[in-house]
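The file structure_11.txt contains compact mmCIF, C-alpha atoms and all ligand atoms:
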# COMPACT_ATOMS: atom_id res chain seq x y z
CA MET A 218 23.83 306.18 -29.65
CA THR A 219 23.24 303.65 -32.40
CA VAL A 220 24.05 300.10 -31.39
CA THR A 221 23.77 297.35 -34.01
CA ARG A 222 24.64 293.69 -33.96
CA PHE A 223 25.47 290.75 -36.15
CA ALA A 224 24.06 287.61 -34.58
CA PRO A 225 25.06 284.49 -36.52
CA SER A 226 24.30 280.94 -35.43
CA PRO A 227 27.40 278.74 -35.38
CA ASN A 228 25.80 275.78 -37.14
CA GLY A 229 27.64 276.27 -40.39
CA PRO A 230 30.11 278.58 -42.10
CA LEU A 231 29.24 282.14 -43.09
CA HIS A 232 28.70 282.86 -46.80
CA LEU A 233 28.56 286.08 -48.82
CA GLY A 234 25.03 286.84 -47.65
CA HIS A 235 26.29 286.90 -44.07
CA ALA A 236 29.22 289.09 -45.08
CA TYR A 237 26.77 291.52 -46.66
CA ALA A 238 24.61 291.54 -43.51
CA ALA A 239 27.60 292.03 -41.20
CA ILE A 240 28.90 294.93 -43.32
CA ILE A 241 25.51 296.66 -43.23
CA ALA A 242 25.28 296.35 -39.44
CA HIS A 243 28.89 297.46 -39.03
CA ASP A 244 28.66 300.44 -41.38
CA LEU A 245 25.35 301.75 -40.04
CA ALA A 246 26.83 301.79 -36.53
CA LYS A 247 30.11 303.37 -37.59
CA GLU A 248 28.50 306.03 -39.82
CA ARG A 249 26.43 307.13 -36.83
CA GLY A 250 29.28 307.06 -34.34
CA GLY A 251 27.82 304.00 -32.66
CA ARG A 252 28.84 300.50 -31.66
CA PHE A 253 28.73 297.25 -33.62
CA LEU A 254 28.37 294.06 -31.61
CA LEU A 255 28.90 290.39 -32.43
CA ARG A 256 26.64 287.95 -30.63
CA VAL A 257 27.00 284.23 -31.18
CA GLU A 258 23.56 282.57 -31.14
CA ASP A 259 24.64 279.13 -30.02
CA ILE A 260 21.61 277.49 -28.42
CA ASP A 261 20.88 275.11 -31.22
CA GLY A 262 22.07 272.07 -29.25
CA PRO A 263 24.65 269.87 -30.90
CA ARG A 264 24.29 271.78 -34.18
CA SER A 265 26.10 274.72 -32.54
CA ARG A 266 29.85 274.25 -32.75
CA PRO A 267 32.53 276.52 -31.25
CA GLU A 268 34.80 276.08 -34.27
CA PHE A 269 32.22 277.83 -36.48
CA ALA A 270 32.10 280.75 -34.02
CA GLU A 271 35.89 280.95 -34.13
CA ALA A 272 35.77 281.03 -37.93
CA PHE A 273 33.17 283.87 -37.75
CA ARG A 274 35.69 286.04 -35.91
CA GLU A 275 38.35 285.29 -38.50
CA ASP A 276 35.87 286.06 -41.30
CA LEU A 277 34.87 289.43 -39.82
CA ALA A 278 38.50 290.42 -39.27
CA TRP A 279 39.31 289.35 -42.84
CA LEU A 280 36.53 291.64 -44.11
CA GLY A 281 38.17 294.49 -42.21
CA LEU A 282 35.32 294.93 -39.70
CA GLU A 283 35.75 295.99 -36.09
CA TRP A 284 33.36 294.72 -33.45
CA GLU A 285 32.78 294.20 -29.75
CA GLU A 286 31.75 290.69 -28.84
CA VAL A 287 29.02 290.23 -26.25
CA PRO A 288 28.38 286.97 -24.38
CA ALA A 289 27.10 284.08 -26.45
CA GLN A 290 23.52 282.93 -25.96
CA SER A 291 24.60 279.73 -24.22
CA THR A 292 25.75 281.86 -21.25
CA ARG A 293 22.37 283.58 -20.92
CA LEU A 294 20.02 280.66 -20.39
CA ALA A 295 18.93 281.87 -16.95
CA SER A 296 17.49 285.06 -18.44
CA TYR A 297 15.47 283.08 -21.01
CA GLU A 298 14.19 280.76 -18.31
CA GLU A 299 13.20 283.66 -16.08
CA ALA A 300 11.29 285.44 -18.84
CA ALA A 301 9.54 282.22 -19.85
CA GLN A 302 8.50 281.56 -16.26
CA ARG A 303 7.12 285.04 -16.01
CA LEU A 304 5.09 284.69 -19.20
CA LEU A 305 3.89 281.29 -18.03
CA ALA A 306 2.84 282.63 -14.63
CA GLU A 307 0.98 285.45 -16.37
CA GLY A 308 -0.91 282.93 -18.48
CA TYR A 309 0.63 283.81 -21.84
CA LEU A 310 2.23 280.42 -22.44
CA TYR A 311 0.77 276.96 -22.54
CA PRO A 312 2.50 273.60 -22.74
CA CYS A 313 2.28 271.73 -26.03
CA THR A 314 3.10 268.05 -26.05
CA CYS A 315 2.38 267.51 -29.74
CA THR A 316 5.15 265.72 -31.57
CA ARG A 317 6.45 266.94 -34.89
CA ALA A 318 4.72 263.98 -36.53
CA GLU A 319 1.38 264.84 -34.93
CA ILE A 320 1.63 268.42 -36.13
CA GLU A 321 2.55 267.23 -39.63
CA ALA A 322 -0.47 264.91 -39.59
CA MET A 323 -2.80 267.85 -38.79
CA ARG A 324 -1.62 269.91 -41.74
CA PRO A 325 -3.64 268.44 -44.59
CA ARG A 326 -6.86 269.12 -42.69
CA LEU A 327 -5.93 272.73 -42.08
CA GLY A 328 -5.80 273.89 -45.68
CA LYS A 329 -4.34 277.28 -46.34
CA GLU A 330 -3.76 277.93 -42.63
CA GLY A 331 -1.75 274.72 -42.44
CA HIS A 332 1.50 276.41 -41.52
CA ILE A 333 -0.07 277.61 -38.31
CA TYR A 334 -0.32 275.43 -35.23
CA PRO A 335 -4.07 275.01 -34.59
CA GLY A 336 -3.88 275.47 -30.83
CA THR A 337 -4.69 271.85 -29.99
CA CYS A 338 -3.03 272.03 -26.58
CA LYS A 339 -4.33 275.47 -25.65
CA GLY A 340 -5.63 275.58 -22.08
CA ARG A 341 -3.62 272.52 -21.07
CA LEU A 342 -1.74 272.62 -17.77
CA LEU A 343 1.90 271.76 -17.36
CA ASP A 344 2.51 268.10 -16.51
CA PRO A 345 6.04 267.79 -15.11
CA GLU A 346 6.12 264.16 -16.26
CA LYS A 347 5.64 265.01 -19.91
CA PRO A 348 8.18 266.86 -22.04
CA ALA A 349 6.44 269.91 -23.47
CA ALA A 350 7.24 272.94 -25.55
CA LEU A 351 5.78 276.24 -24.39
CA ARG A 352 3.68 278.13 -26.91
CA LEU A 353 2.56 281.72 -26.86
CA ASP A 354 -1.21 282.20 -26.62
CA ILE A 355 -1.29 284.84 -29.30
CA ASP A 356 -4.95 285.79 -28.93
CA ARG A 357 -4.61 286.35 -25.21
CA ALA A 358 -1.38 288.32 -25.70
CA LEU A 359 -2.83 290.58 -28.39
CA ASN A 360 -5.95 291.08 -26.39
CA ASP A 361 -3.92 292.40 -23.47
CA VAL A 362 -1.40 294.57 -25.31
CA GLY A 363 -3.69 295.98 -28.00
CA GLU A 364 -2.43 297.53 -31.24
CA LEU A 365 1.34 297.66 -31.69
CA SER A 366 3.49 299.17 -34.36
CA TRP A 367 7.17 299.18 -35.20
CA HIS A 368 9.43 301.13 -37.50
CA ASP A 369 11.68 299.84 -40.24
CA GLU A 370 14.17 302.36 -41.65
CA LEU A 371 13.58 301.08 -45.16
CA ALA A 372 9.99 299.83 -45.16
CA GLY A 373 8.59 302.51 -42.85
CA GLU A 374 5.95 302.24 -40.15
CA GLN A 375 4.49 298.75 -39.68
CA ARG A 376 1.46 297.58 -37.79
CA ALA A 377 2.49 294.53 -35.78
CA ASP A 378 0.66 291.54 -37.15
CA PRO A 379 1.95 288.49 -35.29
CA ARG A 380 -1.08 286.32 -35.98
CA GLU A 381 0.33 284.86 -39.13
CA PHE A 382 2.67 282.81 -36.96
CA GLY A 383 -0.07 281.39 -34.78
CA ASP A 384 0.88 280.23 -31.33
CA VAL A 385 4.64 280.11 -31.80
CA VAL A 386 6.91 278.01 -29.62
CA LEU A 387 8.88 280.18 -27.20
CA VAL A 388 10.53 277.39 -25.25
CA ARG A 389 11.44 274.34 -27.26
CA LYS A 390 11.25 270.79 -25.95
CA ASP A 391 14.85 270.18 -26.94
CA ALA A 392 16.40 273.62 -26.43
CA PRO A 393 16.36 276.26 -23.71
CA ALA A 394 14.53 278.90 -25.73
CA SER A 395 13.35 279.65 -29.22
CA TYR A 396 15.14 282.07 -31.47
CA HIS A 397 12.28 284.55 -30.98
CA LEU A 398 12.54 284.69 -27.19
CA ALA A 399 16.33 284.58 -26.97
CA ALA A 400 16.99 287.18 -29.66
CA THR A 401 14.38 289.58 -28.29
CA LEU A 402 15.73 289.36 -24.75
CA ASP A 403 19.33 289.66 -25.89
CA ASP A 404 18.73 292.66 -28.12
CA ALA A 405 17.28 294.42 -25.07
CA ALA A 406 20.07 293.25 -22.74
CA ASP A 407 22.72 294.33 -25.24
CA GLY A 408 21.18 297.78 -25.66
CA ILE A 409 20.59 297.29 -29.40
CA THR A 410 18.89 300.38 -30.82
CA LEU A 411 18.90 299.31 -34.47
CA VAL A 412 18.24 295.69 -35.38
CA THR A 413 19.65 295.03 -38.85
CA ARG A 414 19.03 291.73 -40.58
CA GLY A 415 17.82 290.23 -43.83
CA MET A 416 14.28 290.52 -45.19
CA ASP A 417 13.79 286.82 -44.49
CA LEU A 418 13.33 287.78 -40.83
CA PHE A 419 10.93 290.66 -41.48
CA PRO A 420 7.85 288.60 -40.45
CA ALA A 421 9.56 287.49 -37.22
CA THR A 422 9.72 291.12 -36.13
CA HIS A 423 5.94 291.12 -35.57
CA ILE A 424 6.45 288.46 -32.90
CA HIS A 425 9.46 290.22 -31.42
CA ARG A 426 7.48 293.45 -31.10
CA LEU A 427 4.75 291.57 -29.25
CA LEU A 428 7.29 289.97 -26.91
CA GLN A 429 8.76 293.38 -26.16
CA ALA A 430 5.31 294.60 -25.15
CA LEU A 431 4.64 291.56 -22.95
CA LEU A 432 8.05 291.72 -21.27
CA GLY A 433 8.28 295.49 -20.94
CA LEU A 434 11.42 295.71 -23.09
CA PRO A 435 12.69 298.78 -24.95
CA VAL A 436 11.69 298.96 -28.62
CA PRO A 437 14.50 299.41 -31.15
CA THR A 438 14.22 300.48 -34.77
CA TRP A 439 14.70 297.84 -37.48
CA HIS A 440 16.53 297.82 -40.77
CA HIS A 441 15.67 294.76 -42.86
CA HIS A 442 17.91 294.68 -45.88
CA LYS A 443 17.61 292.79 -49.14
CA LEU A 444 19.06 289.32 -49.41
CA LEU A 445 21.69 288.13 -51.85
CA PHE A 446 20.40 285.63 -54.39
CA ASP A 447 22.21 282.97 -56.37
CA GLU A 448 21.82 282.07 -60.08
CA SER A 449 18.66 280.12 -59.31
CA GLY A 450 17.06 283.26 -57.86
CA ARG A 451 17.05 281.90 -54.34
CA LYS A 452 18.76 283.23 -51.27
CA LEU A 453 22.33 282.11 -50.77
CA ALA A 454 22.61 278.95 -48.73
CA LYS A 455 25.55 276.75 -47.96
CA ARG A 456 23.48 273.66 -48.69
CA ARG A 457 22.94 274.88 -52.26
CA GLY A 458 26.67 275.24 -52.74
CA SER A 459 27.21 278.92 -51.86
CA LYS A 460 30.85 279.24 -51.02
CA GLY A 461 31.82 279.85 -47.42
CA LEU A 462 33.81 282.96 -46.51
CA SER A 463 36.47 280.67 -45.08
CA ASP A 464 36.78 279.02 -48.52
CA LEU A 465 37.27 282.43 -50.15
CA ARG A 466 39.78 283.30 -47.47
CA ALA A 467 41.67 280.07 -48.12
CA GLU A 468 41.69 280.85 -51.85
CA GLY A 469 43.66 283.99 -51.02
CA ILE A 470 40.89 286.45 -51.88
CA ASP A 471 41.37 289.90 -50.32
CA GLY A 472 38.57 290.28 -47.77
CA LYS A 473 38.77 294.07 -47.52
CA ALA A 474 38.54 294.44 -51.29
CA LEU A 475 35.58 292.06 -51.26
CA ALA A 476 33.90 294.19 -48.57
CA THR A 477 34.46 297.29 -50.71
CA ASP A 478 32.82 295.55 -53.66
CA LEU A 479 29.84 294.40 -51.61
CA ARG A 480 29.34 297.94 -50.29
CA ALA A 481 29.35 299.26 -53.84
CA GLY A 482 26.86 296.62 -54.99
CA ARG A 483 29.46 294.79 -57.08
CA PHE A 484 28.74 291.13 -56.51
CA PRO A 485 30.64 288.07 -57.69
CA ALA A 486 29.39 286.36 -60.86
CA GLY A 487 25.99 284.76 -60.43
CA ILE A 488 25.16 286.70 -57.28
CA SER A 489 22.71 289.57 -57.13
CA LEU A 490 20.48 291.47 -54.73
CA ASP A 491 16.89 290.32 -54.52
CA PRO A 492 15.30 292.29 -57.39
CA SER A 493 11.88 292.57 -55.75
N1 LIG B 1 20.91 283.77 -35.39
C1 LIG B 1 20.03 284.27 -36.40
C2 LIG B 1 20.41 283.73 -37.75
O1 LIG B 1 21.52 283.29 -37.94
C3 LIG B 1 20.14 285.77 -36.43
C4 LIG B 1 18.83 286.40 -36.51
C5 LIG B 1 18.79 287.90 -36.23
O2 LIG B 1 19.62 288.65 -36.74
O3 LIG B 1 17.89 288.27 -35.50
O4 LIG B 1 19.62 283.70 -38.66
ZN ZN B 2 0.18 270.74 -28.93
Represent the structure of the file as structure tokens.
Ligand code: GLU
Ligand code: ZN
Amino acid sequence: MTVTRFAPSPNGPLHLGHAYAAIIAHDLAKERGGRFLLRVEDIDGPRSRPEFAEAFREDLAWLGLEWEEVPAQSTRLASYEEAAQRLLAEGYLYPCTCTRAEIEAMRPRLGKEGHIYPGTCKGRLLDPEKPAALRLDIDRALNDVGELSWHDELAGEQRADPREFGDVVLVRKDAPASYHLAATLDDAADGITLVTRGMDLFPATHIHRLLQALLGLPVPTWHHHKLLFDESGRKLAKRRGSKGLSDLRAEGIDGKALATDLRAGRFPAGISLDPS
């Protein structure tokens, strides 16, 4: 059975891009006689606020969607911790004590590869006295799991290529887990068979596929859809003034009619699908 999910982070209101994503996840599940789940990804410390999550439920209902809600990430910390400990014990993680400023300072010397952490702390042992993030030793991981592939319903078969991320942080200094670790574990725990989300997260799937291999998790299919762009040709973002769904709701706009329009590719003025 197809199981999809919409997994918003309650650190701000949903906008039309989220509505579009939720509708795609909802409709793909319903068309295939499956289930559509809502999972609140609330492990972003003080930036996560319950009132945003409450508004998400009102927004989805306003759009006419039906969902089952699964436990929020903040209730699943033990499973993240357990997986991280396992990866650490198996030698796939190493502690990184670099500060944000130190990493920034390395960048100019790193040239084109500057977005990748250069592995400065690799091989270091955990010092309980020092706050550290845990990074994935990508070379070691790839060496052990070998070639991996994954399937996107729209883009087709992909060879997993997680190196472009470098040694990503899986356990943050200031948060119980990274998005990568938490989302991968939760998708498995929730029985997600089809991960739908925007193209902006396409590259992250290479990492998720690797984590599935390391942790022995089931491998879903993916469906990365196009993003909605604003007049400036950039993806919708609240900080650039994209209206929140709750604003539209308050203006008296009919959510179900809006959902029908989004499904048909009729977007409000100034908004369009990524043309690429
Ligand atoms: N919480 C993530 C976000 O809001 C969801 C990512 C996902 O769908 O995997 O961007
Ligand atoms: Zn470091």
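The interatomic distance for the pair CA of Met218 in chain A and CA of Leu445 in chain A works out to 28.7 Å.
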>> What residues of the protein or nucleic acid chains come within 7 Å of ligand LIG 1 (chain B) when you use only C-alpha atoms and all ligand atoms? Reply as a PyMOL selection string.
In response: chain A and resi 223-226+258+400+413-414
>> How would you report the residues lying within 7 Å of ligand ZN 2 (chain B), as a list of chain:residue names, if you count all atoms listed in the file?
In response: A:Cys313, A:Thr314, A:Cys315, A:Gly336, A:Thr337, A:Cys338
> Counting all atoms listed in the file, what is within 7 Å of range 293-310 of chain A, bar same-chain residues fewer than 3 positions away, as a list in words?
Replying inline: Gln290, Leu351, Arg352, Leu353, Asp354, Arg357, Ala358, Pro393, Ala394 and Ala399 of chain A
> Any idea what's packed within 7 Å of Leu255 in chain A, counting only C-alpha atoms, ignoring anything in its chain fewer than 5 positions away? Could you give it as a PyMOL selection string?
Replying inline: chain A and resi 222-224+284-287
Output for the residues just chosen: C-alpha atoms as a PDB file, in the frame of the given file:
ATOM      1  CA  ARG A 222      24.640 293.690 -33.960  1.00  0.00           C
ATOM      2  CA  PHE A 223      25.470 290.750 -36.150  1.00  0.00           C
ATOM      3  CA  ALA A 224      24.060 287.610 -34.580  1.00  0.00           C
ATOM      4  CA  TRP A 284      33.360 294.720 -33.450  1.00  0.00           C
ATOM      5  CA  GLU A 285      32.780 294.200 -29.750  1.00  0.00           C
ATOM      6  CA  GLU A 286      31.750 290.690 -28.840  1.00  0.00           C
ATOM      7  CA  VAL A 287      29.020 290.230 -26.250  1.00  0.00           C
TER       8      VAL A 287
END
Close residues, Asp407 in chain A itself excluded, 10 Å, only C-alpha atoms, min 5 positions apart in chain, as an mmCIF file with C-alpha atoms, keeping the file's coordinate frame:
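Here's the written file around-v6.cif:
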data_model
loop_
_atom_site.group_PDB
_atom_site.id
_atom_site.type_symbol
_atom_site.label_atom_id
_atom_site.label_comp_id
_atom_site.auth_asym_id
_atom_site.auth_seq_id
_atom_site.Cartn_x
_atom_site.Cartn_y
_atom_site.Cartn_z
ATOM 1 C CA VAL A 220 24.050 300.100 -31.390
ATOM 2 C CA THR A 221 23.770 297.350 -34.010
ATOM 3 C CA ARG A 222 24.640 293.690 -33.960
ATOM 4 C CA LEU A 254 28.370 294.060 -31.610
ATOM 5 C CA ARG A 256 26.640 287.950 -30.630
ATOM 6 C CA VAL A 287 29.020 290.230 -26.250
ATOM 7 C CA PRO A 288 28.380 286.970 -24.380
ATOM 8 C CA LEU A 402 15.730 289.360 -24.750
#
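CA of Arg317 in chain A sits 12.6 Å away from CA of His332 in chain A.
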> Ala270 in chain A: which residues within 9 Å, counting all atoms listed in the file, same-chain residues fewer than 6 positions away excluded, as a PyMOL selection string?
Replying inline: chain A and resi 225-230+257+259
Could you add N, CA, C and O atoms to range 304-321 of chain A and give me the result as a compact mmCIF listing (two decimals), keeping the file's coordinate frame?
# COMPACT_ATOMS: atom_id res chain seq x y z
N LEU A 304 6.19 284.74 -18.23
CA LEU A 304 5.09 284.69 -19.20
C LEU A 304 4.14 283.55 -18.88
O LEU A 304 2.93 283.66 -19.06
N LEU A 305 4.72 282.45 -18.39
CA LEU A 305 3.89 281.29 -18.03
C LEU A 305 2.99 281.63 -16.84
O LEU A 305 1.78 281.38 -16.87
N ALA A 306 3.60 282.26 -15.83
CA ALA A 306 2.84 282.63 -14.63
C ALA A 306 1.73 283.62 -14.98
O ALA A 306 0.66 283.61 -14.37
N GLU A 307 1.98 284.46 -15.98
CA GLU A 307 0.98 285.45 -16.37
C GLU A 307 -0.06 284.88 -17.33
O GLU A 307 -0.95 285.61 -17.79
N GLY A 308 0.09 283.59 -17.65
CA GLY A 308 -0.91 282.93 -18.48
C GLY A 308 -0.75 283.14 -19.97
O GLY A 308 -1.66 282.87 -20.74
N TYR A 309 0.42 283.59 -20.41
CA TYR A 309 0.63 283.81 -21.84
C TYR A 309 1.20 282.60 -22.57
O TYR A 309 1.26 282.59 -23.79
N LEU A 310 1.66 281.61 -21.80
CA LEU A 310 2.23 280.42 -22.44
C LEU A 310 1.42 279.20 -22.03
O LEU A 310 0.89 279.14 -20.93
N TYR A 311 1.37 278.24 -22.92
CA TYR A 311 0.77 276.96 -22.54
C TYR A 311 1.64 275.83 -23.06
O TYR A 311 2.29 275.97 -24.10
N PRO A 312 1.66 274.71 -22.32
CA PRO A 312 2.50 273.60 -22.74
C PRO A 312 1.89 272.87 -23.94
O PRO A 312 0.67 272.68 -23.99
N CYS A 313 2.73 272.49 -24.86
CA CYS A 313 2.28 271.73 -26.03
C CYS A 313 3.10 270.45 -26.08
O CYS A 313 4.32 270.50 -26.13
N THR A 314 2.40 269.34 -26.04
CA THR A 314 3.10 268.05 -26.05
C THR A 314 3.03 267.39 -27.42
O THR A 314 3.44 266.25 -27.59
N CYS A 315 2.48 268.09 -28.40
CA CYS A 315 2.38 267.51 -29.74
C CYS A 315 3.78 267.19 -30.28
O CYS A 315 4.70 267.98 -30.12
N THR A 316 3.88 266.06 -30.92
CA THR A 316 5.15 265.72 -31.57
C THR A 316 5.15 266.35 -32.96
O THR A 316 4.10 266.73 -33.49
N ARG A 317 6.32 266.42 -33.53
CA ARG A 317 6.45 266.94 -34.89
C ARG A 317 5.54 266.15 -35.85
O ARG A 317 4.86 266.73 -36.68
N ALA A 318 5.53 264.83 -35.65
CA ALA A 318 4.72 263.98 -36.53
C ALA A 318 3.23 264.29 -36.37
O ALA A 318 2.49 264.32 -37.36
N GLU A 319 2.80 264.52 -35.15
CA GLU A 319 1.38 264.84 -34.93
C GLU A 319 1.01 266.15 -35.61
O GLU A 319 -0.05 266.28 -36.22
N ILE A 320 1.92 267.12 -35.51
CA ILE A 320 1.63 268.42 -36.13
C ILE A 320 1.60 268.28 -37.65
O ILE A 320 0.71 268.80 -38.32
N GLU A 321 2.54 267.49 -38.19
CA GLU A 321 2.55 267.23 -39.63
C GLU A 321 1.23 266.59 -40.06
O GLU A 321 0.67 266.93 -41.10
